[in-house]
>>> print(open('structure-v2.cif').read())   # mmCIF, C-alpha atoms and all ligand atoms
data_upload
loop_
_atom_site.group_PDB
_atom_site.id
_atom_site.type_symbol
_atom_site.label_atom_id
_atom_site.label_comp_id
_atom_site.auth_asym_id
_atom_site.auth_seq_id
_atom_site.Cartn_x
_atom_site.Cartn_y
_atom_site.Cartn_z
ATOM 1 C CA MET A 1 0.000 0.000 0.000
ATOM 2 C CA ASN A 2 1.465 3.431 -0.844
ATOM 3 C CA ARG A 3 1.623 6.365 1.563
ATOM 4 C CA LEU A 4 -1.541 8.081 0.286
ATOM 5 C CA ALA A 5 -3.616 4.910 0.585
ATOM 6 C CA CYS A 6 -2.152 4.252 4.017
ATOM 7 C CA ASP A 7 -2.903 7.809 5.220
ATOM 8 C CA LEU A 8 -6.450 7.599 3.846
ATOM 9 C CA LEU A 9 -7.115 4.339 5.645
ATOM 10 C CA ILE A 10 -5.808 5.703 8.921
ATOM 11 C CA ALA A 11 -7.777 8.934 8.434
ATOM 12 C CA LEU A 12 -10.982 6.964 8.180
ATOM 13 C CA GLU A 13 -10.233 4.712 11.100
ATOM 14 C CA PRO A 14 -7.583 5.403 13.769
ATOM 15 C CA ALA A 15 -7.911 1.779 14.883
ATOM 16 C CA CYS A 16 -6.055 0.846 11.667
ATOM 17 C CA LEU A 17 -2.859 2.069 13.321
ATOM 18 C CA MET A 18 -3.154 -0.786 15.813
ATOM 19 C CA GLU A 19 -4.318 -3.267 13.199
ATOM 20 C CA GLN A 20 -1.223 -2.613 11.106
ATOM 21 C CA ALA A 21 0.763 -3.711 14.152
ATOM 22 C CA CYS A 22 -1.311 -6.936 14.269
ATOM 23 C CA LEU A 23 -3.259 -5.738 17.326
ATOM 24 C CA THR A 24 -7.030 -5.876 16.910
ATOM 25 C CA PRO A 25 -8.378 -3.176 19.235
ATOM 26 C CA ASP A 26 -10.597 -4.477 22.028
ATOM 27 C CA PRO A 27 -14.085 -2.916 21.852
ATOM 28 C CA TRP A 28 -13.243 -0.359 24.575
ATOM 29 C CA GLN A 29 -9.968 0.537 22.823
ATOM 30 C CA ALA A 30 -11.905 1.131 19.605
ATOM 31 C CA ARG A 31 -14.325 3.424 21.489
ATOM 32 C CA VAL A 32 -11.413 5.371 22.978
ATOM 33 C CA LEU A 33 -9.759 5.753 19.578
ATOM 34 C CA SER A 34 -12.920 7.069 17.965
ATOM 35 C CA SER A 35 -13.719 9.506 20.797
ATOM 36 C CA ASP A 36 -13.348 13.207 20.096
ATOM 37 C CA ALA A 37 -13.746 14.315 23.728
ATOM 38 C CA VAL A 38 -11.332 16.997 24.854
ATOM 39 C CA GLN A 39 -10.762 15.422 28.283
ATOM 40 C CA ILE A 40 -10.643 11.663 28.706
ATOM 41 C CA LEU A 41 -10.052 9.468 31.755
ATOM 42 C CA LEU A 42 -9.160 5.801 31.430
ATOM 43 C CA LEU A 43 -9.579 3.982 34.728
ATOM 44 C CA CYS A 44 -8.136 0.581 33.925
ATOM 45 C CA ALA A 45 -6.886 -2.629 35.468
ATOM 46 C CA ARG A 46 -3.254 -3.656 34.978
ATOM 47 C CA GLN A 47 -2.235 -5.003 31.581
ATOM 48 C CA VAL A 48 -5.503 -4.371 29.748
ATOM 49 C CA GLY A 49 -3.816 -2.274 27.052
ATOM 50 C CA LYS A 50 -4.245 1.320 28.206
ATOM 51 C CA SER A 51 -0.696 2.413 27.344
ATOM 52 C CA THR A 52 -0.981 0.736 23.952
ATOM 53 C CA VAL A 53 -4.193 2.541 23.049
ATOM 54 C CA THR A 54 -2.859 5.933 24.097
ATOM 55 C CA ALA A 55 0.379 5.308 22.177
ATOM 56 C CA ALA A 56 -1.870 4.795 19.133
ATOM 57 C CA MET A 57 -3.724 8.051 19.881
ATOM 58 C CA ALA A 58 -0.406 9.911 20.062
ATOM 59 C CA LEU A 59 0.864 8.481 16.790
ATOM 60 C CA TYR A 60 -2.450 9.092 15.036
ATOM 61 C CA ARG A 61 -2.389 12.748 16.025
ATOM 62 C CA ALA A 62 1.254 13.101 14.916
ATOM 63 C CA ILE A 63 0.717 11.500 11.507
ATOM 64 C CA MET A 64 -2.613 13.103 10.627
ATOM 65 C CA TRP A 65 -2.088 16.667 11.897
ATOM 66 C CA PRO A 66 1.210 18.221 10.775
ATOM 67 C CA ASP A 67 3.070 20.367 13.312
ATOM 68 C CA SER A 68 1.407 18.741 16.326
ATOM 69 C CA LEU A 69 3.255 18.665 19.629
ATOM 70 C CA ILE A 70 2.287 15.623 21.689
ATOM 71 C CA LEU A 71 3.571 15.116 25.219
ATOM 72 C CA LEU A 72 3.567 11.823 27.077
ATOM 73 C CA LEU A 73 4.033 12.282 30.800
ATOM 74 C CA SER A 74 4.833 9.403 33.169
ATOM 75 C CA PRO A 75 5.812 9.325 36.858
ATOM 76 C CA SER A 76 9.312 7.913 36.200
ATOM 77 C CA LEU A 77 11.992 7.751 33.518
ATOM 78 C CA ARG A 78 11.530 3.983 33.176
ATOM 79 C CA GLN A 79 7.800 4.414 32.493
ATOM 80 C CA SER A 80 8.455 7.262 30.021
ATOM 81 C CA GLY A 81 10.781 4.961 28.108
ATOM 82 C CA GLU A 82 8.269 2.110 28.106
ATOM 83 C CA LEU A 83 5.425 4.225 26.763
ATOM 84 C CA PHE A 84 7.661 5.793 24.143
ATOM 85 C CA ARG A 85 8.812 2.361 22.935
ATOM 86 C CA LYS A 86 5.164 1.462 22.318
ATOM 87 C CA VAL A 87 4.812 4.557 20.108
ATOM 88 C CA VAL A 88 7.938 3.659 18.140
ATOM 89 C CA ALA A 89 6.874 0.012 17.760
ATOM 90 C CA LEU A 90 3.507 1.149 16.354
ATOM 91 C CA TYR A 91 5.240 3.601 14.033
ATOM 92 C CA ARG A 92 7.606 0.895 12.727
ATOM 93 C CA ALA A 93 4.626 -1.356 11.977
ATOM 94 C CA GLN A 94 3.005 1.195 9.628
ATOM 95 C CA THR A 95 3.331 0.856 5.884
ATOM 96 C CA ASP A 96 5.193 3.806 4.411
ATOM 97 C CA PRO A 97 4.274 6.371 7.107
ATOM 98 C CA VAL A 98 5.376 10.031 7.193
ATOM 99 C CA PRO A 99 9.197 9.753 7.347
ATOM 100 C CA ILE A 100 11.173 10.317 10.527
ATOM 101 C CA GLU A 101 13.161 13.529 10.823
ATOM 102 C CA ALA A 102 14.866 12.554 14.085
ATOM 103 C CA VAL A 103 14.409 9.936 16.777
ATOM 104 C CA SER A 104 16.020 9.440 20.180
ATOM 105 C CA SER A 105 15.176 7.390 23.253
ATOM 106 C CA LEU A 106 12.310 9.684 24.294
ATOM 107 C CA ARG A 107 11.554 11.827 21.254
ATOM 108 C CA LEU A 108 10.204 11.243 17.748
ATOM 109 C CA GLU A 109 10.114 14.008 15.143
ATOM 110 C CA LEU A 110 8.327 13.458 11.840
ATOM 111 C CA ALA A 111 8.934 15.132 8.512
ATOM 112 C CA ASN A 112 5.466 16.747 8.713
ATOM 113 C CA GLY A 113 6.653 18.827 11.690
ATOM 114 C CA SER A 114 4.905 16.760 14.375
ATOM 115 C CA ARG A 115 6.761 15.792 17.532
ATOM 116 C CA ILE A 116 6.088 13.206 20.217
ATOM 117 C CA VAL A 117 8.052 13.800 23.407
ATOM 118 C CA SER A 118 7.971 11.411 26.370
ATOM 119 C CA LEU A 119 8.856 12.910 29.743
ATOM 120 C CA PRO A 120 9.342 11.694 33.287
ATOM 121 C CA GLY A 121 7.184 13.703 35.644
ATOM 122 C CA THR A 122 9.163 16.447 37.223
ATOM 123 C CA GLU A 123 8.224 20.060 36.877
ATOM 124 C CA SER A 124 11.624 21.115 35.553
ATOM 125 C CA THR A 125 11.486 18.679 32.613
ATOM 126 C CA ILE A 126 8.128 19.932 31.378
ATOM 127 C CA ARG A 127 8.644 23.654 31.745
ATOM 128 C CA GLY A 128 9.173 25.354 28.404
ATOM 129 C CA PHE A 129 6.652 23.317 26.435
ATOM 130 C CA SER A 130 3.634 25.179 25.118
ATOM 131 C CA GLY A 131 1.102 24.740 22.346
ATOM 132 C CA VAL A 132 0.604 21.095 23.251
ATOM 133 C CA ARG A 133 -2.130 19.501 21.084
ATOM 134 C CA LEU A 134 -2.367 16.251 23.002
ATOM 135 C CA LEU A 135 -1.157 15.558 26.521
ATOM 136 C CA ILE A 136 -1.191 11.980 27.765
ATOM 137 C CA VAL A 137 -0.600 11.341 31.466
ATOM 138 C CA ASP A 138 0.260 7.684 32.116
ATOM 139 C CA GLU A 139 -0.142 6.134 35.603
ATOM 140 C CA ALA A 140 -1.911 9.394 36.437
ATOM 141 C CA SER A 141 -2.898 8.467 39.992
ATOM 142 C CA ARG A 142 0.821 8.423 40.833
ATOM 143 C CA VAL A 143 1.575 11.811 39.268
ATOM 144 C CA PRO A 144 1.746 14.489 42.005
ATOM 145 C CA ASP A 145 -1.025 17.106 42.024
ATOM 146 C CA GLU A 146 1.488 19.991 41.817
ATOM 147 C CA LEU A 147 2.759 18.585 38.547
ATOM 148 C CA TYR A 148 -0.742 18.130 37.154
ATOM 149 C CA PHE A 149 -1.635 21.734 37.919
ATOM 150 C CA ALA A 150 1.647 22.918 36.396
ATOM 151 C CA ILE A 151 0.981 21.135 33.087
ATOM 152 C CA ARG A 152 -2.642 22.116 32.496
ATOM 153 C CA PRO A 153 -1.787 25.637 31.208
ATOM 154 C CA MET A 154 0.270 24.094 28.382
ATOM 155 C CA LEU A 155 -3.023 23.144 26.738
ATOM 156 C CA ALA A 156 -4.682 26.532 27.103
ATOM 157 C CA VAL A 157 -3.722 28.343 23.919
ATOM 158 C CA SER A 158 -3.719 25.276 21.684
ATOM 159 C CA ASN A 159 -7.058 23.962 23.013
ATOM 160 C CA GLY A 160 -5.254 20.663 23.354
ATOM 161 C CA ARG A 161 -6.698 17.350 24.482
ATOM 162 C CA LEU A 162 -5.890 15.750 27.811
ATOM 163 C CA VAL A 163 -5.967 11.991 28.349
ATOM 164 C CA ALA A 164 -5.193 10.641 31.831
ATOM 165 C CA LEU A 165 -4.898 6.884 32.320
ATOM 166 C CA SER A 166 -4.312 4.888 35.451
ATOM 167 C CA THR A 167 -5.113 2.076 37.793
ATOM 168 C CA PRO A 168 -6.563 3.556 40.987
ATOM 169 C CA PHE A 169 -4.236 4.446 43.870
ATOM 170 C CA GLY A 170 -6.396 5.424 46.819
ATOM 171 C CA LYS A 171 -9.108 8.038 47.220
ATOM 172 C CA ARG A 172 -6.800 10.992 46.750
ATOM 173 C CA GLY A 173 -5.148 13.131 44.127
ATOM 174 C CA PHE A 174 -6.277 14.779 40.925
ATOM 175 C CA PHE A 175 -7.081 11.538 39.095
ATOM 176 C CA PHE A 176 -9.486 10.398 41.812
ATOM 177 C CA ASN A 177 -11.054 13.879 41.989
ATOM 178 C CA ALA A 178 -11.430 14.083 38.213
ATOM 179 C CA TRP A 179 -13.098 10.652 38.166
ATOM 180 C CA GLN A 180 -15.844 12.085 40.442
ATOM 181 C CA ASN A 181 -16.465 14.868 37.922
ATOM 182 C CA GLU A 182 -18.594 13.255 35.219
ATOM 183 C CA SER A 183 -19.524 16.468 33.443
ATOM 184 C CA GLU A 184 -15.971 17.496 32.535
ATOM 185 C CA TRP A 185 -14.465 14.195 31.478
ATOM 186 C CA GLN A 186 -15.388 11.347 29.200
ATOM 187 C CA ARG A 187 -14.704 8.341 31.412
ATOM 188 C CA PHE A 188 -13.856 4.764 30.480
ATOM 189 C CA LYS A 189 -13.633 2.059 33.118
ATOM 190 C CA VAL A 190 -11.982 -1.202 32.070
ATOM 191 C CA THR A 191 -11.665 -4.025 34.595
ATOM 192 C CA ALA A 192 -9.598 -7.165 34.049
ATOM 193 C CA ALA A 193 -12.802 -9.029 33.187
ATOM 194 C CA ASP A 194 -13.215 -6.724 30.156
ATOM 195 C CA CYS A 195 -9.861 -7.846 28.752
ATOM 196 C CA PRO A 196 -9.895 -11.037 26.682
ATOM 197 C CA ARG A 197 -6.172 -11.619 27.348
ATOM 198 C CA VAL A 198 -6.533 -11.946 31.144
ATOM 199 C CA SER A 199 -7.766 -15.423 32.083
ATOM 200 C CA SER A 200 -10.124 -16.139 34.970
ATOM 201 C CA ASP A 201 -7.609 -18.692 36.332
ATOM 202 C CA PHE A 202 -4.969 -15.994 36.550
ATOM 203 C CA LEU A 203 -7.425 -13.693 38.336
ATOM 204 C CA THR A 204 -8.342 -16.396 40.858
ATOM 205 C CA ARG A 205 -4.649 -16.867 41.685
ATOM 206 C CA GLU A 206 -4.086 -13.128 41.951
ATOM 207 C CA ARG A 207 -7.062 -12.688 44.296
ATOM 208 C CA ARG A 208 -5.574 -15.362 46.580
ATOM 209 C CA SER A 209 -2.085 -13.885 46.648
ATOM 210 C CA LEU A 210 -2.917 -10.155 46.736
ATOM 211 C CA GLY A 211 -5.853 -10.256 49.123
ATOM 212 C CA GLU A 212 -9.217 -8.555 48.584
ATOM 213 C CA ARG A 213 -8.116 -4.945 49.012
ATOM 214 C CA TRP A 214 -5.237 -4.935 46.509
ATOM 215 C CA PHE A 215 -7.027 -7.247 44.091
ATOM 216 C CA ASN A 216 -10.022 -4.884 43.981
ATOM 217 C CA GLN A 217 -7.721 -1.960 43.296
ATOM 218 C CA GLU A 218 -5.457 -3.558 40.691
ATOM 219 C CA TYR A 219 -8.011 -5.627 38.770
ATOM 220 C CA LEU A 220 -11.489 -4.260 39.574
ATOM 221 C CA CYS A 221 -10.483 -0.574 39.454
ATOM 222 C CA GLU A 222 -11.820 0.295 42.896
ATOM 223 C CA PHE A 223 -10.447 3.351 44.663
ATOM 224 C CA ALA A 224 -9.494 2.102 48.144
ATOM 225 C CA GLU A 225 -9.165 4.198 51.280
ATOM 226 C CA PRO A 226 -5.523 5.243 51.755
ATOM 227 C CA VAL A 227 -3.820 2.603 53.959
ATOM 228 C CA ASP A 228 -2.967 5.255 56.573
ATOM 229 C CA ALA A 229 -6.471 6.807 56.760
ATOM 230 C CA VAL A 230 -8.055 6.825 60.211
ATOM 231 C CA PHE A 231 -11.541 7.676 58.889
ATOM 232 C CA SER A 232 -13.006 6.723 55.497
ATOM 233 C CA LEU A 233 -13.777 9.490 53.002
ATOM 234 C CA GLU A 234 -17.497 8.695 53.275
ATOM 235 C CA VAL A 235 -17.432 9.089 57.053
ATOM 236 C CA ILE A 236 -15.636 12.445 56.730
ATOM 237 C CA GLN A 237 -18.067 13.662 54.059
ATOM 238 C CA ARG A 238 -21.071 12.659 56.172
ATOM 239 C CA ALA A 239 -19.588 14.571 59.100
ATOM 240 C CA ILE A 240 -19.405 17.816 57.088
ATOM 241 C CA THR A 241 -22.789 19.538 56.975
ATOM 242 C CA PRO A 242 -23.609 23.091 55.873
ATOM 243 C CA GLU A 243 -25.502 23.711 59.140
ATOM 244 C CA VAL A 244 -22.362 23.453 61.256
ATOM 245 C CA ARG A 245 -19.859 26.315 61.016
ATOM 246 C CA PRO A 246 -16.214 25.237 61.145
ATOM 247 C CA LEU A 247 -14.403 26.071 64.389
ATOM 248 C CA PHE A 248 -11.423 27.575 62.598
ATOM 249 C CA ASN A 249 -12.479 29.681 59.634
ATOM 250 C CA SER A 250 -10.646 32.838 58.606
ATOM 251 C CA SER A 251 -13.913 34.487 57.441
ATOM 252 C CA ALA A 252 -15.652 33.770 60.783
ATOM 253 C CA GLY A 253 -14.163 36.984 62.081
ATOM 254 C CA GLY A 254 -14.970 36.414 65.759
HETATM 255 N N1 LIG B 301 -5.786 -5.042 21.425
HETATM 256 C C1 LIG B 301 -4.726 -5.777 21.779
HETATM 257 N N2 LIG B 301 -4.497 -6.981 21.195
HETATM 258 C C2 LIG B 301 -3.433 -7.744 21.572
HETATM 259 N N3 LIG B 301 -2.527 -7.383 22.512
HETATM 260 C C3 LIG B 301 -2.699 -6.189 23.115
HETATM 261 C C4 LIG B 301 -3.799 -5.317 22.787
HETATM 262 N N4 LIG B 301 -3.694 -4.214 23.555
HETATM 263 C C5 LIG B 301 -2.595 -4.372 24.329
HETATM 264 N N5 LIG B 301 -2.001 -5.561 24.062
HETATM 265 C C6 LIG B 301 -0.791 -6.119 24.710
HETATM 266 O O1 LIG B 301 -1.064 -6.302 26.097
HETATM 267 C C7 LIG B 301 0.110 -6.040 26.880
HETATM 268 C C8 LIG B 301 -0.223 -4.979 27.923
HETATM 269 O O2 LIG B 301 -0.514 -3.764 27.246
HETATM 270 P P1 LIG B 301 -0.219 -2.342 27.915
HETATM 271 O O3 LIG B 301 -0.709 -1.317 26.966
HETATM 272 O O4 LIG B 301 1.205 -2.264 28.352
HETATM 273 O O5 LIG B 301 -1.155 -2.441 29.193
HETATM 274 P P2 LIG B 301 -1.338 -1.454 30.434
HETATM 275 O O6 LIG B 301 -0.705 -0.148 30.103
HETATM 276 O O7 LIG B 301 -2.827 -1.376 30.605
HETATM 277 O O8 LIG B 301 -0.697 -2.152 31.605
HETATM 278 C C9 LIG B 301 1.187 -5.599 25.894
HETATM 279 O O9 LIG B 301 1.998 -6.722 25.608
HETATM 280 C C10 LIG B 301 0.402 -5.162 24.651
HETATM 281 O O10 LIG B 301 1.124 -5.336 23.462
HETATM 282 MG MG MG B 302 0.892 0.930 31.059
#
>>> encode(input="structure-v2.cif", output="structure tokens")
Amino acid sequence: MNRLACDLLIALEPACLMEQACLTPDPWQARVLSSDAVQILLLCARQVGKSTVTAAMALYRAIMWPDSLILLLSPSLRQSGELFRKVVALYRAQTDPVPIEAVSSLRLELANGSRIVSLPGTESTIRGFSGVRLLIVDEASRVPDELYFAIRPMLAVSNGRLVALSTPFGKRGFFFNAWQNESEWQRFKVTAADCPRVSSDFLTRERRSLGERWFNQEYLCEFAEPVDAVFSLEVIQRAITPEVRPLFNSSAGG
């Protein structure tokens, strides 16, 4: 297939990017790829294919929209490298794609002016980027809130898209808070049972060795109370009522 035919096919169907790499998208992956929501949350069990599908989103954006800047943010350098390798593997599987201008261990530049940059999550590494068209935050529940609030402005001028993906990690942090906010985010929840590659035998063994709490978090996508919490979030929320004025409130005035 020549480049024009290849581009046309991908333009019609972003899922073709995965198919060319011999990966048939699972139904939820196909829904994610065809979404045009500006803010997307993927709350997923381990190993269901969330990094793979977002790598495909990144590459699709880079190939189809010249001059796009796409940032992939992960909590650590190792995870940045892993996600970036998925992007490169998908790219290499395409037939005659837009040629590469430059590639390094965490950065891919295409001849159409698009760039995909994978970054470990520290504020200093991300400063200086602006006009981001697509920002993907991997393992988002482990990315510190300060970092999340520092990166949001990078999308402002470009009206860029934000995709945050994660397994849960306690009832805290921006990812948990965003998950509560249905109106602002398109949300996808994918448990291990939704993934055809995870067998029920494996899950039975994992439940036995992890115990209920960790199994529910890692495979059923349940936000657990932080291990060090004295009171549950529900108990605290029930205890806060508008009729009772807080004891220490700067506006109370005395
Ligand atoms: N649709 C698919 N078909 C076949 N294999 C897939 C598919 N999606 C993901 N995989 C494979 O499943 C494994 C886990 O995928 P990954 O994206 O790393 O999962 P996660 O980020 O959710 O832990 C990888 O080996 C990946 O190639
Ligand atoms: Mg992953």
>>> closest_residue(input="structure-v2.cif", among="A:Leu72, A:Val48, A:Ile126, A:Val143", to="ligand LIG 301 (chain B)", atoms="all atoms listed in the file")
A:Val48
>>> residues_near_ligand(input="structure-v2.cif", ligand="ligand MG 302 (chain B)", cutoff="10 Å", atoms="all atoms listed in the file", output="list in words")
Cys44, Ala45, Arg46, Gln47, Val48, Gly49, Lys50, Ser51, Thr52, Val53, Thr54, Ala55, Ser74, Gln79, Ser80, Glu82, Leu83, Lys86, Asp138, Glu139, Leu165, Ser166 and Thr167 of chain A
>>> atom_distance(input="structure-v2.cif", atom1="CA of Gln39 (chain A)", atom2="CA of Leu162 (chain A)")
4.9 Å
>>> axis_aligned_box(input="structure-v2.cif", around="region 104-117 of chain A", padding_each_side="3 Å", output="AutoDock Vina command-line options")
--center_x 10.5 --center_y 13.1 --center_z 16.4 --size_x 17.1 --size_y 17.4 --size_z 21.8
>>> closest_residue(input="structure-v2.cif", among="A:Leu69, A:Leu119, A:Ala56, A:Ile63", to="Asp96 (chain A)", atoms="all atoms listed in the file")
A:Ile63
>>> closest_residue(input="structure-v2.cif", among="A:Val117, A:Cys195, A:Ala224, A:Val38", to="Asn159 (chain A)", atoms="only C-alpha atoms")
A:Val38
>>> atom_distance(input="structure-v2.cif", atom1="CA of Val163 (chain A)", atom2="CA of Leu41 (chain A)")
5.9 Å
>>> residues_near_point(input="structure-v2.cif", point="(-9.3, 12.8, 39.3)", cutoff="10 Å", atoms="only C-alpha atoms", output="PyMOL selection string")
chain A and resi 41+43+140-141+145+164+168+171-181+185
>>> write_last_selection(input="structure-v2.cif", atoms="C-alpha atoms", output="PDB file, keeping the file's coordinate frame")
ATOM      1  CA  LEU A  41     -10.052   9.468  31.755  1.00  0.00           C
ATOM      2  CA  LEU A  43      -9.579   3.982  34.728  1.00  0.00           C
ATOM      3  CA  ALA A 140      -1.911   9.394  36.437  1.00  0.00           C
ATOM      4  CA  SER A 141      -2.898   8.467  39.992  1.00  0.00           C
ATOM      5  CA  ASP A 145      -1.025  17.106  42.024  1.00  0.00           C
ATOM      6  CA  ALA A 164      -5.193  10.641  31.831  1.00  0.00           C
ATOM      7  CA  PRO A 168      -6.563   3.556  40.987  1.00  0.00           C
ATOM      8  CA  LYS A 171      -9.108   8.038  47.220  1.00  0.00           C
ATOM      9  CA  ARG A 172      -6.800  10.992  46.750  1.00  0.00           C
ATOM     10  CA  GLY A 173      -5.148  13.131  44.127  1.00  0.00           C
ATOM     11  CA  PHE A 174      -6.277  14.779  40.925  1.00  0.00           C
ATOM     12  CA  PHE A 175      -7.081  11.538  39.095  1.00  0.00           C
ATOM     13  CA  PHE A 176      -9.486  10.398  41.812  1.00  0.00           C
ATOM     14  CA  ASN A 177     -11.054  13.879  41.989  1.00  0.00           C
ATOM     15  CA  ALA A 178     -11.430  14.083  38.213  1.00  0.00           C
ATOM     16  CA  TRP A 179     -13.098  10.652  38.166  1.00  0.00           C
ATOM     17  CA  GLN A 180     -15.844  12.085  40.442  1.00  0.00           C
ATOM     18  CA  ASN A 181     -16.465  14.868  37.922  1.00  0.00           C
ATOM     19  CA  TRP A 185     -14.465  14.195  31.478  1.00  0.00           C
TER      20      TRP A 185
END
>>> atom_distance(input="structure-v2.cif", atom1="atom C8 of ligand LIG 301 (chain B)", atom2="CA of Val103 (chain A)")
23.7 Å
>>> resolve_selection(input="structure-v2.cif", expression="the PyMOL selection byres (((chain A and resi 16-19) around 9) and not hetatm)", output="list of chain:residue names")
A:Leu9, A:Ile10, A:Ala11, A:Leu12, A:Glu13, A:Pro14, A:Ala15, A:Gln20, A:Ala21, A:Cys22, A:Leu23, A:Thr24, A:Pro25, A:Thr52, A:Val53, A:Ala56, A:Met57, A:Leu59, A:Tyr60, A:Leu90, A:Tyr91, A:Ala93, A:Gln94
>>> closest_residue(input="structure-v2.cif", among="A:Asn112, A:Thr191, A:Thr204, A:Ser124", to="ligand LIG 301 (chain B)", atoms="only C-alpha atoms and all ligand atoms")
A:Thr191
>>> closest_residue(input="structure-v2.cif", among="A:Phe169, A:Trp65, A:Phe223, A:Phe84", to="ligand LIG 301 (chain B)", atoms="all atoms listed in the file")
A:Phe84
>>> residues_around(input="structure-v2.cif", residues="Leu77 (chain A)", least_positions_apart="6", cutoff="10 Å", atoms="only C-alpha atoms", output="ChimeraX atom specification")
/A:106,118-122
>>> closest_residue(input="structure-v2.cif", among="A:Pro226, A:Pro144, A:Gly160, A:Pro196", to="ligand LIG 301 (chain B)", atoms="all atoms listed in the file")
A:Pro196
>>> residues_around(input="structure-v2.cif", residues="Arg161 (chain A)", least_positions_apart="4", cutoff="9 Å", atoms="all atoms listed in the file", output="JSON, numbers by chain")
{"A": [36, 37, 38, 39, 40, 132, 133, 134, 135, 136, 155]}
>>> residues_around(input="structure-v2.cif", residues="Phe129 (chain A)", least_positions_apart="4", cutoff="10 Å", atoms="all atoms listed in the file", output="PyMOL selection string")
chain A and resi 69+71+125+151+153-155
>>> resolve_selection(input="structure-v2.cif", expression="the PyMOL selection byres (((chain A and resi 104) around 12) and not hetatm)", output="PyMOL selection string")
chain A and resi 81+84-85+88+100-103+105-109+115-118
